[in-house]
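Novice: Dropping in coords-v5.pdb, which is PDB, C-alpha atoms:
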ATOM      1  CA  SER M   1      21.188  38.874  14.696
ATOM      2  CA  ASP M   2      21.719  39.886  11.081
ATOM      3  CA  GLY M   3      18.316  41.602  10.822
ATOM      4  CA  GLY M   4      16.951  38.926   8.498
ATOM      5  CA  PRO M   5      13.780  36.945   9.002
ATOM      6  CA  ALA M   6      13.541  34.961  12.195
ATOM      7  CA  ALA M   7      14.954  31.463  12.058
ATOM      8  CA  GLY M   8      12.455  28.911  10.983
ATOM      9  CA  THR M   9      10.152  31.210   9.006
ATOM     10  CA  ARG M  10       9.374  30.310   5.419
ATOM     11  CA  SER M  11       7.804  33.535   4.193
ATOM     12  CA  GLU M  12      10.653  34.393   1.840
ATOM     13  CA  GLN M  13      11.841  30.906   1.005
ATOM     14  CA  PRO M  14      10.555  29.288  -2.180
ATOM     15  CA  SER M  15       8.834  25.992  -1.553
ATOM     16  CA  PHE M  16       9.919  23.219  -3.877
ATOM     17  CA  ARG M  17       8.755  19.660  -3.477
ATOM     18  CA  LYS M  18      11.761  17.418  -3.429
ATOM     19  CA  ALA M  19      11.650  14.896  -6.261
ATOM     20  CA  ASP M  20      12.451  11.334  -5.381
ATOM     21  CA  SER M  21      13.036   8.355  -7.616
ATOM     22  CA  PHE M  22       9.783   6.692  -6.577
ATOM     23  CA  GLY M  23       7.423   9.658  -6.518
ATOM     24  CA  ILE M  24       5.548  11.411  -9.253
ATOM     25  CA  ASP M  25       8.367  13.826 -10.033
ATOM     26  CA  ASN M  26      10.332  11.493 -12.268
ATOM     27  CA  ASN M  27      10.378  10.374 -15.874
ATOM     28  CA  PHE M  28       8.737   6.985 -15.337
ATOM     29  CA  ASN M  29       5.377   8.244 -16.571
ATOM     30  CA  LEU M  30       7.033   9.614 -19.706
ATOM     31  CA  LEU M  31       8.748   6.258 -20.292
ATOM     32  CA  ARG M  32       5.474   4.402 -19.729
ATOM     33  CA  LEU M  33       3.767   6.664 -22.259
ATOM     34  CA  ALA M  34       6.525   6.125 -24.828
ATOM     35  CA  PHE M  35       6.412   2.337 -24.370
ATOM     36  CA  ALA M  36       2.601   2.312 -24.533
ATOM     37  CA  LEU M  37       2.627   4.372 -27.729
ATOM     38  CA  MET M  38       5.067   1.930 -29.345
ATOM     39  CA  VAL M  39       2.684  -0.936 -28.634
ATOM     40  CA  ALA M  40      -0.414   1.080 -29.596
ATOM     41  CA  VAL M  41       1.063   2.068 -32.969
ATOM     42  CA  TYR M  42       1.762  -1.576 -33.778
ATOM     43  CA  HIS M  43      -1.751  -2.629 -32.838
ATOM     44  CA  ALA M  44      -3.252   0.245 -34.828
ATOM     45  CA  ILE M  45      -1.391  -1.048 -37.888
ATOM     46  CA  PHE M  46      -1.739  -4.799 -37.314
ATOM     47  CA  LEU M  47      -5.251  -5.317 -35.967
ATOM     48  CA  PRO M  48      -7.277  -3.749 -38.802
ATOM     49  CA  GLY M  49      -5.486  -5.942 -41.360
ATOM     50  CA  VAL M  50      -5.425  -3.223 -44.009
ATOM     51  CA  ALA M  51      -3.558  -4.619 -47.010
ATOM     52  CA  GLY M  52      -1.764  -1.334 -47.712
ATOM     53  CA  TRP M  53      -0.316  -1.295 -44.219
ATOM     54  CA  ALA M  54       1.267  -4.756 -44.397
ATOM     55  CA  ALA M  55       4.717  -3.296 -45.118
ATOM     56  CA  LEU M  56       4.535  -1.317 -41.866
ATOM     57  CA  GLU M  57       3.817  -4.350 -39.700
ATOM     58  CA  GLY M  58       7.460  -5.515 -39.481
ATOM     59  CA  PRO M  59       8.976  -2.200 -38.373
ATOM     60  CA  ALA M  60       6.032  -1.530 -36.056
ATOM     61  CA  SER M  61       6.427  -4.973 -34.477
ATOM     62  CA  VAL M  62      10.033  -4.109 -33.603
ATOM     63  CA  LEU M  63       8.810  -0.963 -31.838
ATOM     64  CA  ALA M  64       6.136  -2.968 -30.054
ATOM     65  CA  GLU M  65       8.707  -5.493 -28.857
ATOM     66  CA  ILE M  66      10.877  -2.663 -27.515
ATOM     67  CA  GLY M  67       7.802  -1.228 -25.809
ATOM     68  CA  VAL M  68       6.820  -4.507 -24.159
ATOM     69  CA  GLN M  69      10.371  -5.294 -23.046
ATOM     70  CA  GLY M  70      10.763  -1.716 -21.817
ATOM     71  CA  PHE M  71       7.642  -2.119 -19.701
ATOM     72  CA  PHE M  72       9.055  -5.307 -18.178
ATOM     73  CA  VAL M  73      12.404  -3.668 -17.372
ATOM     74  CA  LEU M  74      10.747  -0.594 -15.884
ATOM     75  CA  SER M  75       8.314  -2.743 -13.933
ATOM     76  CA  GLY M  76      11.166  -4.875 -12.612
ATOM     77  CA  TYR M  77      12.919  -1.786 -11.313
ATOM     78  CA  LEU M  78       9.767  -0.428  -9.665
ATOM     79  CA  VAL M  79       8.785  -3.777  -8.145
ATOM     80  CA  PHE M  80      12.313  -4.243  -6.782
ATOM     81  CA  ALA M  81      12.076  -0.774  -5.234
ATOM     82  CA  SER M  82       8.750  -1.782  -3.667
ATOM     83  CA  LEU M  83      10.335  -4.923  -2.239
ATOM     84  CA  GLU M  84      13.218  -2.924  -0.771
ATOM     85  CA  ARG M  85      10.829  -0.433   0.857
ATOM     86  CA  SER M  86       8.647  -3.178   2.340
ATOM     87  CA  PRO M  87       9.423  -4.120   5.927
ATOM     88  CA  SER M  88       8.268  -7.718   5.345
ATOM     89  CA  LEU M  89       7.510 -10.153   2.530
ATOM     90  CA  ARG M  90       3.897 -10.262   3.692
ATOM     91  CA  LEU M  91       3.516  -6.501   3.258
ATOM     92  CA  TYR M  92       5.280  -6.656  -0.109
ATOM     93  CA  ALA M  93       2.857  -9.370  -1.272
ATOM     94  CA  GLU M  94      -0.142  -7.426   0.015
ATOM     95  CA  LYS M  95       1.003  -4.303  -1.861
ATOM     96  CA  ARG M  96       1.466  -6.267  -5.084
ATOM     97  CA  VAL M  97      -1.980  -7.871  -4.829
ATOM     98  CA  ARG M  98      -3.658  -4.547  -3.992
ATOM     99  CA  ARG M  99      -1.875  -2.854  -6.880
ATOM    100  CA  LEU M 100      -2.695  -5.420  -9.560
ATOM    101  CA  TYR M 101      -5.610  -7.679  -8.789
ATOM    102  CA  PRO M 102      -8.593  -5.338  -8.279
ATOM    103  CA  ALA M 103      -8.145  -3.634 -11.655
ATOM    104  CA  TYR M 104      -7.311  -6.928 -13.364
ATOM    105  CA  ALA M 105     -10.398  -8.686 -11.993
ATOM    106  CA  THR M 106     -12.564  -5.686 -12.874
ATOM    107  CA  VAL M 107     -11.399  -5.769 -16.501
ATOM    108  CA  VAL M 108     -12.009  -9.511 -16.822
ATOM    109  CA  ILE M 109     -15.461  -9.424 -15.218
ATOM    110  CA  LEU M 110     -16.544  -6.238 -17.005
ATOM    111  CA  CYS M 111     -15.618  -7.668 -20.418
ATOM    112  CA  ALA M 112     -17.583 -10.838 -19.684
ATOM    113  CA  ALA M 113     -20.582  -8.878 -18.392
ATOM    114  CA  LEU M 114     -20.611  -6.647 -21.460
ATOM    115  CA  ALA M 115     -20.396  -9.670 -23.736
ATOM    116  CA  VAL M 116     -23.353 -11.290 -21.997
ATOM    117  CA  ALA M 117     -25.331  -8.038 -22.155
ATOM    118  CA  LEU M 118     -24.546  -7.220 -25.799
ATOM    119  CA  VAL M 119     -23.747 -10.439 -27.667
ATOM    120  CA  PRO M 120     -26.393 -13.143 -28.176
ATOM    121  CA  ALA M 121     -23.769 -15.870 -28.709
ATOM    122  CA  ALA M 122     -22.274 -15.112 -25.282
ATOM    123  CA  ARG M 123     -25.710 -15.308 -23.623
ATOM    124  CA  ALA M 124     -26.276 -18.624 -25.385
ATOM    125  CA  ASN M 125     -23.008 -20.103 -24.082
ATOM    126  CA  LEU M 126     -22.676 -19.078 -20.450
ATOM    127  CA  ALA M 127     -20.387 -22.055 -19.781
ATOM    128  CA  ALA M 128     -17.773 -20.545 -22.136
ATOM    129  CA  VAL M 129     -18.227 -17.156 -20.468
ATOM    130  CA  GLY M 130     -17.682 -18.843 -17.089
ATOM    131  CA  GLU M 131     -14.525 -20.509 -18.378
ATOM    132  CA  TYR M 132     -13.265 -17.146 -19.646
ATOM    133  CA  ILE M 133     -13.853 -15.563 -16.235
ATOM    134  CA  GLY M 134     -12.412 -18.480 -14.252
ATOM    135  CA  TRP M 135      -9.227 -18.991 -16.272
ATOM    136  CA  ASN M 136      -8.569 -15.284 -16.598
ATOM    137  CA  LEU M 137      -9.030 -14.583 -12.884
ATOM    138  CA  VAL M 138      -6.205 -17.037 -12.124
ATOM    139  CA  PHE M 139      -3.920 -15.514 -14.798
ATOM    140  CA  LEU M 140      -4.307 -18.450 -17.206
ATOM    141  CA  ASN M 141      -5.870 -16.300 -19.899
ATOM    142  CA  PHE M 142      -4.225 -18.330 -22.682
ATOM    143  CA  THR M 143      -6.579 -21.191 -21.766
ATOM    144  CA  ALA M 144      -9.738 -19.166 -22.553
ATOM    145  CA  PRO M 145      -8.849 -15.816 -24.153
ATOM    146  CA  ASN M 146     -12.088 -15.481 -26.158
ATOM    147  CA  LEU M 147     -15.759 -14.915 -25.495
ATOM    148  CA  PRO M 148     -18.410 -16.458 -27.766
ATOM    149  CA  GLY M 149     -19.448 -14.123 -30.571
ATOM    150  CA  VAL M 150     -17.011 -11.349 -29.644
ATOM    151  CA  PHE M 151     -14.417 -10.229 -32.200
ATOM    152  CA  GLU M 152     -15.061 -13.316 -34.337
ATOM    153  CA  ALA M 153     -14.787 -11.288 -37.558
ATOM    154  CA  ASN M 154     -11.522  -9.666 -36.469
ATOM    155  CA  ARG M 155      -8.004 -10.707 -37.345
ATOM    156  CA  LEU M 156      -7.472 -11.774 -33.722
ATOM    157  CA  HIS M 157     -10.263 -12.911 -31.408
ATOM    158  CA  GLU M 158      -8.770 -12.358 -27.947
ATOM    159  CA  ILE M 159     -10.826 -10.109 -25.699
ATOM    160  CA  ASN M 160      -7.804  -8.395 -24.178
ATOM    161  CA  GLY M 161      -4.532  -9.459 -25.741
ATOM    162  CA  ALA M 162      -2.492  -7.541 -23.180
ATOM    163  CA  LEU M 163      -3.543  -9.795 -20.292
ATOM    164  CA  TRP M 164      -0.753 -12.249 -21.142
ATOM    165  CA  THR M 165       1.765  -9.758 -19.738
ATOM    166  CA  LEU M 166       0.242  -9.870 -16.277
ATOM    167  CA  LYS M 167       1.015 -13.532 -15.648
ATOM    168  CA  ILE M 168       4.646 -12.666 -16.433
ATOM    169  CA  GLU M 169       4.413  -9.764 -14.007
ATOM    170  CA  VAL M 170       3.005 -12.024 -11.284
ATOM    171  CA  MET M 171       5.807 -14.515 -11.921
ATOM    172  CA  PHE M 172       8.321 -11.701 -11.358
ATOM    173  CA  TYR M 173       6.491 -10.684  -8.151
ATOM    174  CA  ILE M 174       6.910 -14.230  -6.856
ATOM    175  CA  LEU M 175      10.489 -14.804  -8.009
ATOM    176  CA  LEU M 176      11.936 -11.451  -6.971
ATOM    177  CA  PRO M 177      12.078 -12.062  -3.198
TER     178      PRO M 177
END
Now that the file is in, can you turn its structure into structure tokens?
Specialist:
Amino acid sequence: SDGGPAAGTRSEQPSFRKADSFGIDNNFNLLRLAFALMVAVYHAIFLPGVAGWAALEGPASVLAEIGVQGFFVLSGYLVFASLERSPSLRLYAEKRVRRLYPAYATVVILCAALAVALVPAARANLAAVGEYIGWNLVFLNFTAPNLPGVFEANRLHEINGALWTLKIEVMFYILLP
């Protein structure tokens, strides 16, 4: 024996968590933040429709496009990694549904419920609210993107303009295998 600590003890060894490409110790969250900020800056400039900001809309739209495309590329990589780690297509599909659909459905239903609770025009047209919920829950949000009386004075009337990206994501989930 060399007089050192007994084999197998960790008292003097630093403990470092090994980073892996799919864990939390990577730069994906930083990339997601950068892409999200690109899109958020564009929307902050475009949505208010301030006349003095019109010259910024073009350059900001380029950043937003990079942000959206970056999200799709990053998502493609991560979804492919999920597929590779899945022992079966059934488990892969279950993971994709569990990852996406609960939050998606919650957003759609919560927006509709808030509109009904807060906006008289939505309460007066429950059929349109039902159409919004139904079409959005099956990823066909372009069919009914608006709720009666909500955002009607705004430049754009969609309740959640980002939902269009999720039908693209679902298409990639289906095509990837």
Novice: Give me, as JSON lines, the closest atom pair and its distance (Å, one decimal) for every residue of region 70-89 of chain M within a cut-off of 10 Å of region 148-171 of chain M, counting all atoms listed in the file, rows sorted by chain and rising number.
Specialist:
{"residue": "M:Phe71", "atom": "CA", "partner": "M:Thr165", "partner_atom": "CA", "distance": 9.6}
{"residue": "M:Phe72", "atom": "CA", "partner": "M:Glu169", "partner_atom": "CA", "distance": 7.7}
{"residue": "M:Ser75", "atom": "CA", "partner": "M:Glu169", "partner_atom": "CA", "distance": 8.0}
{"residue": "M:Gly76", "atom": "CA", "partner": "M:Glu169", "partner_atom": "CA", "distance": 8.5}
{"residue": "M:Val79", "atom": "CA", "partner": "M:Glu169", "partner_atom": "CA", "distance": 9.5}
Novice: How about saving the chosen residues, C-alpha atoms kept, as a short mmCIF file (atom, residue, chain, number, x, y, z; two decimals), keeping the file's coordinate frame?
Specialist:
data_model
loop_
_atom_site.label_atom_id
_atom_site.label_comp_id
_atom_site.auth_asym_id
_atom_site.auth_seq_id
_atom_site.Cartn_x
_atom_site.Cartn_y
_atom_site.Cartn_z
CA PHE M 71 7.64 -2.12 -19.70
CA PHE M 72 9.06 -5.31 -18.18
CA SER M 75 8.31 -2.74 -13.93
CA GLY M 76 11.17 -4.88 -12.61
CA VAL M 79 8.78 -3.78 -8.14
#
Novice: Near region 80-91 of chain M, counting all atoms listed in the file, which residues have an atom at most 12 Å away, once you skip same-chain residues fewer than 5 positions from it, shown as a PyMOL selection string?
Specialist: chain M and resi 21-23+72-75+96-99+172-177
Novice: Store the residues picked out above in a file with C-alpha atoms, as a short mmCIF file (atom, residue, chain, number, x, y, z; two decimals), in the frame of the given file.
Specialist:
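Generated output (selection39.cif):
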data_model
loop_
_atom_site.label_atom_id
_atom_site.label_comp_id
_atom_site.auth_asym_id
_atom_site.auth_seq_id
_atom_site.Cartn_x
_atom_site.Cartn_y
_atom_site.Cartn_z
CA SER M 21 13.04 8.36 -7.62
CA PHE M 22 9.78 6.69 -6.58
CA GLY M 23 7.42 9.66 -6.52
CA PHE M 72 9.06 -5.31 -18.18
CA VAL M 73 12.40 -3.67 -17.37
CA LEU M 74 10.75 -0.59 -15.88
CA SER M 75 8.31 -2.74 -13.93
CA ARG M 96 1.47 -6.27 -5.08
CA VAL M 97 -1.98 -7.87 -4.83
CA ARG M 98 -3.66 -4.55 -3.99
CA ARG M 99 -1.88 -2.85 -6.88
CA PHE M 172 8.32 -11.70 -11.36
CA TYR M 173 6.49 -10.68 -8.15
CA ILE M 174 6.91 -14.23 -6.86
CA LEU M 175 10.49 -14.80 -8.01
CA LEU M 176 11.94 -11.45 -6.97
CA PRO M 177 12.08 -12.06 -3.20
#
Novice: Can you measure CA of Leu147 (chain M) to CA of Ala103 (chain M) for me? One decimal in Å is fine.
Specialist: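 The value is 19.4 Å.
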Novice: Ala105 (chain M): which residues within 8 Å, counting all atoms listed in the file, same-chain residues fewer than 4 positions away excluded, as number ranges by chain?
Specialist: M: 101, 109, 137
